[in-house]
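Below is upload-v5.csv, holding CSV, C-alpha atoms.
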```
chain,number,residue,atom,x,y,z
D,569,MET,CA,159.6,93.8,41.9
D,570,ALA,CA,157.7,97.2,42.1
D,571,LYS,CA,156.3,96.6,38.7
D,572,TYR,CA,155.3,93.1,39.6
D,573,ILE,CA,153.0,94.3,42.4
D,574,GLY,CA,151.4,97.0,40.2
D,575,TYR,CA,153.7,100.1,40.5
D,576,ASP,CA,155.4,102.0,37.7
D,577,ASN,CA,158.8,102.0,39.4
D,578,TRP,CA,160.4,101.7,42.8
D,579,ARG,CA,160.1,105.5,43.6
D,580,MET,CA,156.3,105.3,43.1
D,581,PHE,CA,156.2,102.4,45.5
D,582,LEU,CA,158.0,104.4,48.2
D,583,LEU,CA,155.8,107.4,47.7
D,584,GLU,CA,152.7,105.3,48.3
D,585,MET,CA,154.1,103.7,51.4
D,586,GLU,CA,155.3,106.9,53.3
D,587,PRO,CA,151.8,108.3,54.2
D,588,VAL,CA,150.8,104.9,55.6
D,589,ASN,CA,153.8,104.9,57.9
D,590,PHE,CA,153.1,108.6,58.9
D,591,ILE,CA,149.4,107.9,59.8
D,592,GLU,CA,150.4,104.8,61.9
D,593,THR,CA,153.0,106.9,63.7
D,594,GLN,CA,150.5,109.6,64.4
D,595,ARG,CA,147.9,107.1,65.7
D,596,LYS,CA,150.5,105.6,68.1
D,597,GLU,CA,151.5,109.1,69.3
D,598,LYS,CA,147.8,110.1,69.9
D,599,SER,CA,147.1,106.8,71.7
D,600,TRP,CA,150.0,107.3,74.0
D,601,LYS,CA,149.1,110.9,74.8
D,602,ARG,CA,145.5,109.8,75.5
D,603,PHE,CA,146.8,107.1,77.8
D,604,ILE,CA,149.0,109.6,79.7
D,605,TYR,CA,146.0,111.9,80.4
D,606,VAL,CA,143.3,109.3,81.0
D,607,VAL,CA,145.2,107.2,83.6
D,608,PRO,CA,145.7,110.1,86.1
D,609,PHE,CA,142.0,111.0,85.7
D,610,LEU,CA,140.9,107.5,86.5
D,611,LEU,CA,143.2,107.4,89.5
D,612,VAL,CA,141.7,110.6,90.9
D,613,ILE,CA,138.2,109.1,90.5
D,614,LEU,CA,139.3,105.9,92.2
D,615,ALA,CA,140.8,107.9,95.1
D,616,ILE,CA,137.6,110.0,95.6
D,617,SER,CA,135.5,106.8,95.5
D,618,ILE,CA,137.6,105.1,98.2
D,619,PHE,CA,137.5,108.3,100.3
D,620,HIS,CA,133.7,108.5,100.2
D,621,PHE,CA,133.4,104.8,100.9
D,622,PHE,CA,135.4,105.0,104.1
D,623,GLU,CA,133.9,108.4,105.0
D,624,ASN,CA,130.3,107.1,104.7
D,625,ARG,CA,130.8,103.7,106.0
D,626,THR,CA,128.3,103.0,108.8
D,627,THR,CA,129.8,102.1,112.2
D,628,ILE,CA,128.4,99.0,113.8
D,629,TYR,CA,127.6,99.6,117.4
D,630,ASP,CA,127.2,97.2,120.3
D,631,PRO,CA,123.7,97.7,121.8
D,632,SER,CA,125.1,96.9,125.3
D,633,ASP,CA,126.9,100.2,125.1
D,634,PHE,CA,123.6,102.1,125.0
D,635,THR,CA,121.0,102.7,127.7
D,636,PHE,CA,117.3,103.3,127.0
D,637,SER,CA,114.3,103.5,129.4
D,638,VAL,CA,110.7,104.7,129.4
D,639,LYS,CA,108.3,106.0,132.0
D,640,SER,CA,104.8,107.3,131.7
D,641,VAL,CA,103.9,110.2,134.0
D,642,THR,CA,100.2,109.5,134.7
D,643,THR,CA,97.4,106.9,134.3
D,644,GLY,CA,95.0,108.9,132.1
D,645,LEU,CA,95.0,110.4,128.7
D,646,PRO,CA,96.8,112.3,127.2
D,647,ASN,CA,99.8,110.7,128.8
D,648,SER,CA,103.4,112.0,128.5
D,649,VAL,CA,106.2,109.5,128.4
D,650,ILE,CA,109.8,110.3,129.4
D,651,PHE,CA,112.5,108.6,127.4
D,652,LYS,CA,116.0,108.4,129.0
D,653,TYR,CA,118.9,107.4,126.9
D,654,ASP,CA,122.6,107.4,126.5
D,655,ALA,CA,124.0,107.4,123.0
D,656,SER,CA,127.1,109.6,123.7
D,657,MET,CA,129.5,107.1,122.3
D,658,ILE,CA,128.4,107.5,118.7
D,659,SER,CA,130.4,109.7,116.3
D,660,GLU,CA,129.3,113.2,115.3
D,661,LYS,CA,128.3,112.1,111.8
D,662,ASP,CA,125.9,109.4,113.1
D,663,LYS,CA,122.2,110.0,113.7
D,664,VAL,CA,120.2,109.0,116.7
D,665,GLU,CA,116.4,108.9,116.8
D,666,ILE,CA,113.6,107.8,119.1
D,667,GLN,CA,110.6,106.0,117.5
D,668,GLN,CA,107.5,106.4,119.6
D,669,ASP,CA,105.6,103.3,118.3
D,670,TRP,CA,105.4,100.9,115.4
D,671,ASP,CA,105.3,103.7,112.8
D,672,ASP,CA,108.9,104.4,111.6
D,673,ARG,CA,107.7,107.5,109.9
D,674,LYS,CA,107.3,109.1,113.4
D,675,ARG,CA,110.9,109.1,114.4
D,676,VAL,CA,112.3,112.1,116.2
D,677,VAL,CA,115.9,113.0,115.9
D,678,VAL,CA,117.6,113.6,119.3
D,679,ASP,CA,120.9,115.0,120.3
D,680,LYS,CA,123.5,112.3,121.2
D,681,ASN,CA,124.8,114.6,123.9
D,682,ASP,CA,121.4,114.9,125.6
D,683,SER,CA,119.8,112.2,127.8
D,684,ILE,CA,116.1,112.9,127.9
D,685,SER,CA,113.3,113.2,125.3
D,686,THR,CA,109.6,113.3,125.9
D,687,SER,CA,106.5,112.4,123.8
D,688,ILE,CA,102.7,112.6,124.3
D,689,TYR,CA,100.5,109.6,123.7
D,690,TYR,CA,96.9,110.5,122.9
D,691,HIS,CA,95.5,107.0,122.6
D,692,PRO,CA,95.6,104.1,124.9
D,693,GLY,CA,97.5,101.0,123.8
D,694,PHE,CA,100.6,98.9,123.8
D,695,PHE,CA,103.5,100.5,122.0
D,696,LYS,CA,107.0,99.4,121.2
D,697,SER,CA,109.3,102.4,121.4
D,698,LYS,CA,112.8,102.2,119.9
D,699,LEU,CA,116.2,103.8,120.1
D,700,VAL,CA,117.5,104.0,116.5
D,701,VAL,CA,121.0,104.8,115.3
D,702,ASN,CA,121.6,105.3,111.5
D,703,ASP,CA,118.2,103.5,110.8
D,704,SER,CA,119.3,100.5,112.9
D,705,ILE,CA,117.2,99.6,116.0
D,706,ILE,CA,119.6,99.5,119.0
D,707,LYS,CA,117.2,99.2,121.9
D,708,GLU,CA,113.5,98.5,122.3
D,709,LYS,CA,111.1,99.2,125.2
D,710,THR,CA,107.4,98.7,125.6
D,711,VAL,CA,105.0,101.5,126.6
D,712,PHE,CA,101.7,100.5,128.0
D,713,ILE,CA,99.0,103.2,128.2
D,714,PRO,CA,95.8,101.8,129.8
D,715,SER,CA,92.4,103.4,129.3
D,716,ASN,CA,91.1,103.3,132.9
D,717,ASP,CA,87.9,101.4,132.0
D,718,TRP,CA,85.9,102.3,128.9
D,719,MET,CA,86.7,105.5,127.1
D,720,ALA,CA,85.1,106.9,123.9
D,721,THR,CA,86.7,109.3,121.4
D,722,ILE,CA,85.8,111.1,118.2
D,723,GLU,CA,88.7,110.4,115.9
D,724,THR,CA,90.1,113.4,113.9
D,725,ASP,CA,93.0,114.0,111.6
D,726,SER,CA,94.9,115.7,114.5
D,727,LEU,CA,94.0,115.0,118.2
D,728,PRO,CA,91.1,112.8,119.3
D,729,ILE,CA,88.2,114.4,121.1
D,730,TYR,CA,87.5,112.6,124.5
D,731,LEU,CA,83.8,112.1,125.3
D,732,ASN,CA,82.5,112.5,128.9
D,733,ASN,CA,81.1,109.4,130.4
D,734,GLU,CA,77.5,110.7,130.3
D,735,ASP,CA,77.8,111.1,126.5
D,736,PHE,CA,78.5,107.5,125.8
D,737,ARG,CA,77.2,105.4,128.7
D,738,ILE,CA,73.5,105.4,128.0
D,739,ASP,CA,70.8,103.0,129.3
D,740,GLY,CA,73.3,100.3,130.2
D,741,GLU,CA,75.0,100.4,126.8
D,742,LEU,CA,78.1,102.0,125.3
D,743,SER,CA,76.5,104.2,122.8
D,744,VAL,CA,77.3,107.5,121.0
D,745,ARG,CA,74.3,109.2,119.4
D,746,THR,CA,74.0,112.1,117.0
D,747,GLU,CA,73.0,114.7,119.7
D,748,SER,CA,76.1,113.8,121.7
D,749,LEU,CA,78.4,114.4,118.7
D,750,LYS,CA,76.8,117.8,118.1
D,751,LYS,CA,77.8,118.8,121.6
D,752,TYR,CA,81.4,118.4,120.5
D,753,GLY,CA,80.9,120.3,117.3
D,754,LYS,CA,80.6,117.2,115.1
D,755,ASP,CA,77.7,116.5,112.8
D,756,PRO,CA,77.8,113.1,111.0
D,757,PHE,CA,75.2,114.4,108.6
D,758,GLU,CA,77.6,117.0,107.3
D,759,SER,CA,80.9,115.0,107.3
D,760,LYS,CA,82.2,111.5,107.9
D,761,THR,CA,82.7,110.9,111.6
D,762,LEU,CA,84.6,108.0,113.2
D,763,ILE,CA,84.1,107.2,116.9
D,764,GLY,CA,86.1,104.8,119.0
D,765,PHE,CA,85.5,102.8,122.2
D,766,TYR,CA,88.7,101.6,124.1
D,767,GLN,CA,89.1,99.1,126.9
D,768,ILE,CA,92.9,98.7,127.3
D,769,ARG,CA,94.0,96.9,130.5
D,770,ASP,CA,95.8,93.9,131.9
D,771,PHE,CA,93.2,91.1,131.8
D,772,GLY,CA,95.4,88.8,133.9
D,773,GLY,CA,96.9,86.5,131.4
D,774,VAL,CA,94.8,85.9,128.3
D,775,TYR,CA,96.7,84.9,125.1
D,776,THR,CA,96.0,84.7,121.4
D,777,ASP,CA,96.2,80.9,121.4
D,778,ASP,CA,93.3,80.3,123.8
D,779,PHE,CA,90.5,82.9,124.2
D,780,GLU,CA,87.0,83.7,123.2
D,781,LEU,CA,85.6,87.2,122.7
D,782,THR,CA,81.9,87.9,122.1
D,783,ALA,CA,80.4,91.3,121.4
D,784,LEU,CA,76.9,92.5,120.4
D,785,LEU,CA,77.1,95.8,118.5
D,786,LYS,CA,75.1,97.9,116.0
D,787,ASN,CA,75.9,100.8,113.7
D,788,ASN,CA,72.7,102.9,114.0
D,789,PHE,CA,73.6,105.7,111.6
D,790,LYS,CA,73.1,105.7,107.8
D,791,SER,CA,73.3,108.8,105.6
D,792,GLY,CA,74.9,109.9,102.4
D,793,ASN,CA,78.2,110.4,104.2
D,794,THR,CA,78.4,106.9,105.7
D,795,PRO,CA,76.3,104.6,103.5
D,796,CYS,CA,78.3,101.5,104.4
D,797,GLN,CA,77.7,101.6,108.2
D,798,GLY,CA,81.1,100.3,108.9
D,799,ALA,CA,82.0,98.9,112.3
D,800,GLN,CA,85.2,97.2,113.5
D,801,VAL,CA,86.3,95.1,116.4
D,802,THR,CA,90.0,95.2,117.2
D,803,ILE,CA,91.6,92.8,119.7
D,804,VAL,CA,94.9,94.3,120.8
D,805,SER,CA,97.8,92.0,121.7
D,806,GLU,CA,101.4,92.7,122.5
D,807,GLU,CA,102.5,91.5,119.1
D,808,GLY,CA,99.8,93.2,117.0
D,809,PRO,CA,96.1,93.5,116.4
D,810,ILE,CA,93.3,91.2,115.2
D,811,VAL,CA,91.0,93.4,113.2
D,812,VAL,CA,87.4,92.2,112.3
D,813,PRO,CA,85.2,94.5,110.3
D,814,ILE,CA,81.5,94.3,109.4
D,815,CYS,CA,79.4,96.6,107.2
D,816,ASN,CA,76.1,96.5,105.2
D,817,LYS,CA,76.0,93.9,102.6
D,818,GLY,CA,76.7,96.2,99.6
D,819,CYS,CA,80.1,97.4,100.9
D,820,ILE,CA,82.0,94.2,101.6
D,821,SER,CA,84.5,95.0,98.8
D,822,ASP,CA,85.8,97.9,100.9
D,823,ILE,CA,86.7,96.0,104.1
D,824,SER,CA,89.7,94.0,105.1
D,825,LEU,CA,90.5,91.4,107.9
D,826,PHE,CA,93.8,91.4,109.6
D,827,ALA,CA,95.3,88.9,112.0
D,828,PHE,CA,98.8,87.6,112.9
D,829,GLY,CA,100.5,89.8,110.2
D,830,GLU,CA,98.1,88.5,107.4
D,831,ARG,CA,95.7,90.9,105.6
D,832,VAL,CA,92.7,89.6,103.8
D,833,ASP,CA,91.5,92.2,101.3
D,834,GLY,CA,87.8,92.4,100.4
D,835,LYS,CA,88.9,93.4,96.8
D,836,LYS,CA,90.5,90.0,96.3
D,837,ASN,CA,88.6,87.7,98.7
D,838,ASP,CA,85.0,86.8,99.3
D,839,LEU,CA,84.0,88.5,102.6
D,840,GLU,CA,80.3,88.2,102.0
D,841,ASN,CA,79.8,86.7,105.5
D,842,PHE,CA,80.8,90.1,107.0
D,843,GLY,CA,78.0,91.9,105.3
D,844,VAL,CA,75.2,92.4,107.8
D,845,ASP,CA,71.7,93.7,108.4
D,846,TYR,CA,71.6,96.3,111.2
D,847,THR,CA,67.9,95.9,111.9
D,848,ASP,CA,69.1,94.2,115.1
D,849,TYR,CA,72.3,93.9,117.0
D,850,VAL,CA,75.0,91.9,115.3
D,851,GLN,CA,77.0,89.3,117.2
D,852,LEU,CA,80.7,89.0,116.5
D,853,LYS,CA,82.6,86.1,118.1
D,854,CYS,CA,86.3,85.2,117.9
D,855,VAL,CA,87.2,81.8,119.2
D,856,SER,CA,90.9,80.7,119.3
D,857,LYS,CA,91.7,77.1,120.1
D,858,ASP,CA,94.0,74.4,118.9
D,859,GLN,CA,96.1,76.9,116.9
D,860,GLU,CA,93.1,78.1,114.9
D,861,LEU,CA,91.1,81.4,115.2
D,862,VAL,CA,87.6,81.1,113.9
D,863,ILE,CA,85.5,84.3,113.4
D,864,PHE,CA,81.7,84.0,113.7
D,865,VAL,CA,79.1,86.5,112.6
D,866,ASN,CA,75.7,85.9,114.1
D,867,GLU,CA,76.8,82.4,115.1
D,868,GLU,CA,77.8,81.5,111.5
D,869,PRO,CA,81.6,80.8,110.8
D,870,ALA,CA,82.8,83.6,108.5
D,871,TYR,CA,86.6,83.2,108.3
D,872,SER,CA,89.5,81.4,110.1
D,873,PHE,CA,93.2,82.0,110.6
D,874,LYS,CA,96.0,79.7,111.7
D,875,VAL,CA,97.4,80.9,115.1
D,876,PRO,CA,101.2,81.1,115.1
D,877,ASN,CA,103.6,80.5,117.9
D,878,PRO,CA,104.7,82.1,120.1
D,879,LYS,CA,101.4,83.2,121.7
D,880,SER,CA,100.8,86.9,122.4
D,881,LYS,CA,99.2,88.4,125.5
D,882,ILE,CA,95.9,90.2,124.9
D,883,ILE,CA,95.8,93.6,126.5
D,884,GLY,CA,92.7,95.4,125.0
D,885,VAL,CA,89.6,95.6,122.9
D,886,CYS,CA,88.7,98.6,120.7
D,887,ILE,CA,85.5,99.0,118.7
D,888,PHE,CA,85.0,101.6,116.0
D,889,PHE,CA,81.9,102.9,114.2
D,890,GLU,CA,81.4,105.1,111.1
D,891,GLY,CA,78.9,107.7,112.3
D,892,THR,CA,77.2,106.5,115.5
D,893,GLY,CA,77.0,103.1,117.2
D,894,SER,CA,76.1,101.0,120.2
D,895,ILE,CA,77.7,98.1,122.1
D,896,LYS,CA,75.3,96.0,124.2
D,897,ASP,CA,77.3,93.1,125.6
D,898,ILE,CA,80.9,92.1,125.7
D,899,LYS,CA,82.6,89.0,127.2
D,900,LEU,CA,86.2,87.9,127.1
D,901,THR,CA,87.3,84.5,128.4
D,902,GLY,CA,90.7,82.8,128.5
D,903,ASN,CA,91.6,79.3,129.5
D,904,ALA,CA,87.9,78.6,129.9
D,905,ARG,CA,87.4,81.3,132.6
D,906,GLU,CA,85.7,84.6,132.2
D,907,VAL,CA,88.1,87.5,132.7
D,908,TYR,CA,86.0,90.5,131.6
D,909,SER,CA,82.3,91.3,130.8
D,910,PHE,CA,80.2,94.3,130.2
D,911,GLY,CA,76.4,94.5,130.1
D,912,LEU,CA,75.8,90.8,130.8
```
Could you express the structure from this file as structure tokens?
Amino acid sequence: MAKYIGYDNWRMFLLEMEPVNFIETQRKEKSWKRFIYVVPFLLVILAISIFHFFENRTTIYDPSDFTFSVKSVTTGLPNSVIFKYDASMISEKDKVEIQQDWDDRKRVVVDKNDSISTSIYYHPGFFKSKLVVNDSIIKEKTVFIPSNDWMATIETDSLPIYLNNEDFRIDGELSVRTESLKKYGKDPFESKTLIGFYQIRDFGGVYTDDFELTALLKNNFKSGNTPCQGAQVTIVSEEGPIVVPICNKGCISDISLFAFGERVDGKKNDLENFGVDYTDYVQLKCVSKDQELVIFVNEEPAYSFKVPNPKSKIIGVCIFFEGTGSIKDIKLTGNAREVYSFGL
């Protein structure tokens, strides 16, 4: 039989078969030994993973177990705000923070065993402060900082510079001029300068679904630092701003509209109607009616937005200029009645 399958004799057949059996036996032994070592290692890894899962698992807290309140200490600016809170029930590994406004990058970590934290607001406005635990918003309170009539600022990268009334109320207008800026150590001929006018107040019930704002304004500064002569009217509401920019005709690519959470970028949209000639005052008008906001520039319709529900209360108007600028007339109406005017 051994010869029939190609071997000289039976002994040669056995010699050929023995190494095969030996190799198979070795493979089985190695596989079994590998299994013995690998399984415990995998079990250790699994145990560590389960431990970390339960160790790092975020606790879900009931907001009703927390307290959070805010109180401003004055009516002017700057204005300190006192936050009172109780987050003592959270565990030691959890993190509690207070967010001063809409910007979540400006959260401040506070001690869960404390109860008071304070912050300074340097600009007027309507802010939504938050008590945050492990990046989850637990409580939210509004902070309203009025401007006490018109105020003007030089905006800087750190703190704003507040202008005295005589430096921006000139000849019946709201106007900041080059000589006024130099009094505060700012020269728009040497560096870009941004000025702001703020009127933040309770207008008595004017809402985003039914209002009209008209403003006559002019950017009267043009130099190598501010060739675009940018200006911007911002209508401040409790749910966010409506931002309307104008500039000289050659710079419309660099501006953007914003309203009701929608941004219209001049890089991707035709905003030619917001390019203006500053040889005279420019009229900006925003009219909201029948769930549509129409923006007019010098009486010509320039853009429109759909007005969403629910409506939002208007609590201020801010106007900004690159360099220097003047505001001649402003009028705000709501529900067909005038609620505020300046210069008219």
**OP:** Quick one: pull the distance between atom CA of D:Val641 and atom CA of D:Val677, Å, one decimal.
**Re:** 21.9 Å
Taking a cut-off of 12 Å and counting all atoms listed in the file, can you build a table that, for each residue of stretch 660-765 of chain D near stretch 872-885 of chain D, reports the nearest atom pair and how far apart they are in Å (one decimal), sorted by chain then residue number, as a Markdown table?
```
| residue | atom | partner | partner_atom | distance |
| --- | --- | --- | --- | --- |
| D:Pro692 | CA | D:Gly884 | CA | 9.2 |
| D:Gly693 | CA | D:Gly884 | CA | 7.5 |
| D:Phe694 | CA | D:Ile883 | CA | 7.6 |
| D:Phe695 | CA | D:Ile883 | CA | 11.3 |
| D:Phe712 | CA | D:Ile883 | CA | 9.2 |
| D:Ile713 | CA | D:Ile883 | CA | 10.3 |
| D:Pro714 | CA | D:Gly884 | CA | 8.6 |
| D:Ser715 | CA | D:Gly884 | CA | 9.1 |
| D:Asn716 | CA | D:Gly884 | CA | 11.3 |
| D:Asp717 | CA | D:Gly884 | CA | 10.4 |
| D:Trp718 | CA | D:Val885 | CA | 9.7 |
| D:Met719 | CA | D:Val885 | CA | 11.1 |
| D:Gly764 | CA | D:Val885 | CA | 10.6 |
| D:Phe765 | CA | D:Val885 | CA | 8.3 |
```
Store the residues picked out above in a file with C-alpha atoms, as a PDB file, in the frame of the given file.
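Result file is selection-v7.pdb:
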```
ATOM      1  CA  PRO D 692      95.600 104.100 124.900  1.00  0.00           C
ATOM      2  CA  GLY D 693      97.500 101.000 123.800  1.00  0.00           C
ATOM      3  CA  PHE D 694     100.600  98.900 123.800  1.00  0.00           C
ATOM      4  CA  PHE D 695     103.500 100.500 122.000  1.00  0.00           C
ATOM      5  CA  PHE D 712     101.700 100.500 128.000  1.00  0.00           C
ATOM      6  CA  ILE D 713      99.000 103.200 128.200  1.00  0.00           C
ATOM      7  CA  PRO D 714      95.800 101.800 129.800  1.00  0.00           C
ATOM      8  CA  SER D 715      92.400 103.400 129.300  1.00  0.00           C
ATOM      9  CA  ASN D 716      91.100 103.300 132.900  1.00  0.00           C
ATOM     10  CA  ASP D 717      87.900 101.400 132.000  1.00  0.00           C
ATOM     11  CA  TRP D 718      85.900 102.300 128.900  1.00  0.00           C
ATOM     12  CA  MET D 719      86.700 105.500 127.100  1.00  0.00           C
ATOM     13  CA  GLY D 764      86.100 104.800 119.000  1.00  0.00           C
ATOM     14  CA  PHE D 765      85.500 102.800 122.200  1.00  0.00           C
TER      15      PHE D 765
END
```
Subject >> Distance criterion (only C-alpha atoms): nearest to D:Gly798 out of D:Tyr846, D:Tyr730, D:Tyr653, D:Phe736 >> reply: D:Tyr846
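The spacing separating atom CA of D:Ser659 from atom CA of D:Thr627 amounts to 8.7 Å.
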**OP:** Mind checking which residues fall within 9 Å of D:Gly829, counting only C-alpha atoms, ignoring those fewer than 4 positions away in the same chain, and posting them as a PyMOL selection string?
**Re:** chain D and resi 808-810
Go ahead and dump the residues you just picked, C-alpha atoms, as a PDB file, keeping the file's coordinate frame.
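again11.pdb was written with the following content:
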```
ATOM      1  CA  GLY D 808      99.800  93.200 117.000  1.00  0.00           C
ATOM      2  CA  PRO D 809      96.100  93.500 116.400  1.00  0.00           C
ATOM      3  CA  ILE D 810      93.300  91.200 115.200  1.00  0.00           C
TER       4      ILE D 810
END
```
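The residue that comes closest to D:Arg737, out of D:Ile666, D:Ala870, D:Ile658, D:Ala720 and on the basis of only C-alpha atoms, is D:Ala720.
If you measure from each of D:Gln797, D:Asn866, D:Val804, D:Glu830 to D:Gly818 using only C-alpha atoms, the closest one turns out to be D:Gln797.
Residues in contact with D:Leu699 at up to 9 Å, not including ones fewer than 3 positions away on its chain and judged by only C-alpha atoms, are Phe636, Tyr653, Val664, Glu665, Ile666, Gln667, Ser704, Ile705, Ile706, Lys707, Glu708 and Lys709 of chain D.
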**OP:** Compare D:Thr635, D:Gly891, D:Lys652, D:Asp669 by their minimum atom-to-atom distance to D:Lys754, counting only C-alpha atoms, and give me the closest one.
**Re:** D:Gly891
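Within 6 Å of D:Val811, once all atoms listed in the file are used and residues closer than 4 positions along the same chain are dropped, the contacting residues are Val801, Thr802, Leu825 and Phe826 of chain D.
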**OP:** May I have the protein, DNA and RNA residues with any atom at most 10 Å from the point (80.4, 97.9, 100.6), counting only C-alpha atoms, written as a list in words?
**Re:** Pro795, Cys796, Gln797, Gly798, Ile814, Cys815, Asn816, Lys817, Gly818, Cys819, Ile820, Ser821, Asp822, Ile823, Gly834, Glu840 and Gly843 of chain D
Subject >> D:Thr721 environment, 10 Å, only C-alpha atoms, sequence neighbours closer than 2 positions dropped, as a count of residues only >> reply: 18
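The list of residues with at least one atom within 6 Å of stretch 771-786 of chain D, based on only C-alpha atoms and without residues fewer than 6 positions apart in the same chain, reads Tyr849, Val850, Gln851, Leu852, Lys853, Cys854, Val855, Ser856, Lys857, Lys879, Ser880, Lys881, Ile882, Gly893, Ser894, Ile895, Lys896, Asp897, Ile898, Lys899, Leu900, Thr901 and Gly902 of chain D.
Across the model, the gap from atom CA of D:Glu806 to atom CA of D:Gln859 is 17.6 Å.
With distances restricted to only C-alpha atoms, D:Val701 is the closest residue to D:Asp630 from D:Leu749, D:Val701, D:Ser685, D:Val649.
Comparing D:Glu660, D:Asp848, D:Glu807, D:Glu868 by their smallest distance to D:Thr710, the closest is D:Glu807 (using all atoms listed in the file).
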Stretch 697-711 of chain D from the block above: N, CA, C and O atoms written as a PDB file, in the first residue's frame:
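Now in result31.pdb:
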```pdb
ATOM      1  N   SER D 697     -27.524  85.471  31.297  1.00  0.00           N
ATOM      2  CA  SER D 697     -26.520  84.782  32.099  1.00  0.00           C
ATOM      3  C   SER D 697     -27.016  83.377  32.422  1.00  0.00           C
ATOM      4  O   SER D 697     -28.219  83.123  32.483  1.00  0.00           O
ATOM      5  N   LYS D 698     -26.065  82.473  32.656  1.00  0.00           N
ATOM      6  CA  LYS D 698     -26.417  81.060  32.808  1.00  0.00           C
ATOM      7  C   LYS D 698     -25.622  80.412  33.937  1.00  0.00           C
ATOM      8  O   LYS D 698     -24.443  80.702  34.135  1.00  0.00           O
ATOM      9  N   LEU D 699     -26.283  79.521  34.648  1.00  0.00           N
ATOM     10  CA  LEU D 699     -25.619  78.623  35.582  1.00  0.00           C
ATOM     11  C   LEU D 699     -25.421  77.308  34.849  1.00  0.00           C
ATOM     12  O   LEU D 699     -26.384  76.697  34.371  1.00  0.00           O
ATOM     13  N   VAL D 700     -24.159  76.885  34.739  1.00  0.00           N
ATOM     14  CA  VAL D 700     -23.807  75.741  33.898  1.00  0.00           C
ATOM     15  C   VAL D 700     -23.119  74.667  34.742  1.00  0.00           C
ATOM     16  O   VAL D 700     -22.197  74.970  35.507  1.00  0.00           O
ATOM     17  N   VAL D 701     -23.578  73.429  34.610  1.00  0.00           N
ATOM     18  CA  VAL D 701     -22.952  72.296  35.299  1.00  0.00           C
ATOM     19  C   VAL D 701     -22.551  71.262  34.260  1.00  0.00           C
ATOM     20  O   VAL D 701     -23.388  70.782  33.493  1.00  0.00           O
ATOM     21  N   ASN D 702     -21.258  70.958  34.228  1.00  0.00           N
ATOM     22  CA  ASN D 702     -20.734  69.978  33.255  1.00  0.00           C
ATOM     23  C   ASN D 702     -21.182  70.303  31.830  1.00  0.00           C
ATOM     24  O   ASN D 702     -21.617  69.427  31.080  1.00  0.00           O
ATOM     25  N   ASP D 703     -21.094  71.582  31.456  1.00  0.00           N
ATOM     26  CA  ASP D 703     -21.446  72.067  30.111  1.00  0.00           C
ATOM     27  C   ASP D 703     -22.929  72.009  29.802  1.00  0.00           C
ATOM     28  O   ASP D 703     -23.328  72.229  28.653  1.00  0.00           O
ATOM     29  N   SER D 704     -23.755  71.724  30.785  1.00  0.00           N
ATOM     30  CA  SER D 704     -25.208  71.738  30.596  1.00  0.00           C
ATOM     31  C   SER D 704     -25.799  72.945  31.310  1.00  0.00           C
ATOM     32  O   SER D 704     -25.484  73.196  32.482  1.00  0.00           O
ATOM     33  N   ILE D 705     -26.656  73.700  30.619  1.00  0.00           N
ATOM     34  CA  ILE D 705     -27.274  74.880  31.199  1.00  0.00           C
ATOM     35  C   ILE D 705     -28.365  74.434  32.171  1.00  0.00           C
ATOM     36  O   ILE D 705     -29.324  73.774  31.795  1.00  0.00           O
ATOM     37  N   ILE D 706     -28.210  74.813  33.437  1.00  0.00           N
ATOM     38  CA  ILE D 706     -29.143  74.420  34.483  1.00  0.00           C
ATOM     39  C   ILE D 706     -30.187  75.507  34.736  1.00  0.00           C
ATOM     40  O   ILE D 706     -31.382  75.245  34.856  1.00  0.00           O
ATOM     41  N   LYS D 707     -29.705  76.766  34.827  1.00  0.00           N
ATOM     42  CA  LYS D 707     -30.589  77.904  35.076  1.00  0.00           C
ATOM     43  C   LYS D 707     -30.166  79.054  34.162  1.00  0.00           C
ATOM     44  O   LYS D 707     -28.993  79.165  33.787  1.00  0.00           O
ATOM     45  N   GLU D 708     -31.134  79.929  33.846  1.00  0.00           N
ATOM     46  CA  GLU D 708     -30.854  81.087  33.004  1.00  0.00           C
ATOM     47  C   GLU D 708     -31.605  82.297  33.551  1.00  0.00           C
ATOM     48  O   GLU D 708     -32.796  82.210  33.851  1.00  0.00           O
ATOM     49  N   LYS D 709     -30.898  83.425  33.653  1.00  0.00           N
ATOM     50  CA  LYS D 709     -31.497  84.668  34.117  1.00  0.00           C
ATOM     51  C   LYS D 709     -31.061  85.808  33.194  1.00  0.00           C
ATOM     52  O   LYS D 709     -29.959  85.783  32.643  1.00  0.00           O
ATOM     53  N   THR D 710     -31.938  86.799  33.037  1.00  0.00           N
ATOM     54  CA  THR D 710     -31.617  87.936  32.179  1.00  0.00           C
ATOM     55  C   THR D 710     -30.974  89.054  32.999  1.00  0.00           C
ATOM     56  O   THR D 710     -31.296  89.262  34.170  1.00  0.00           O
ATOM     57  N   VAL D 711     -30.043  89.755  32.340  1.00  0.00           N
ATOM     58  CA  VAL D 711     -29.396  90.915  32.933  1.00  0.00           C
ATOM     59  C   VAL D 711     -29.636  92.089  31.982  1.00  0.00           C
ATOM     60  O   VAL D 711     -29.216  92.054  30.830  1.00  0.00           O
TER      61      VAL D 711
END
```
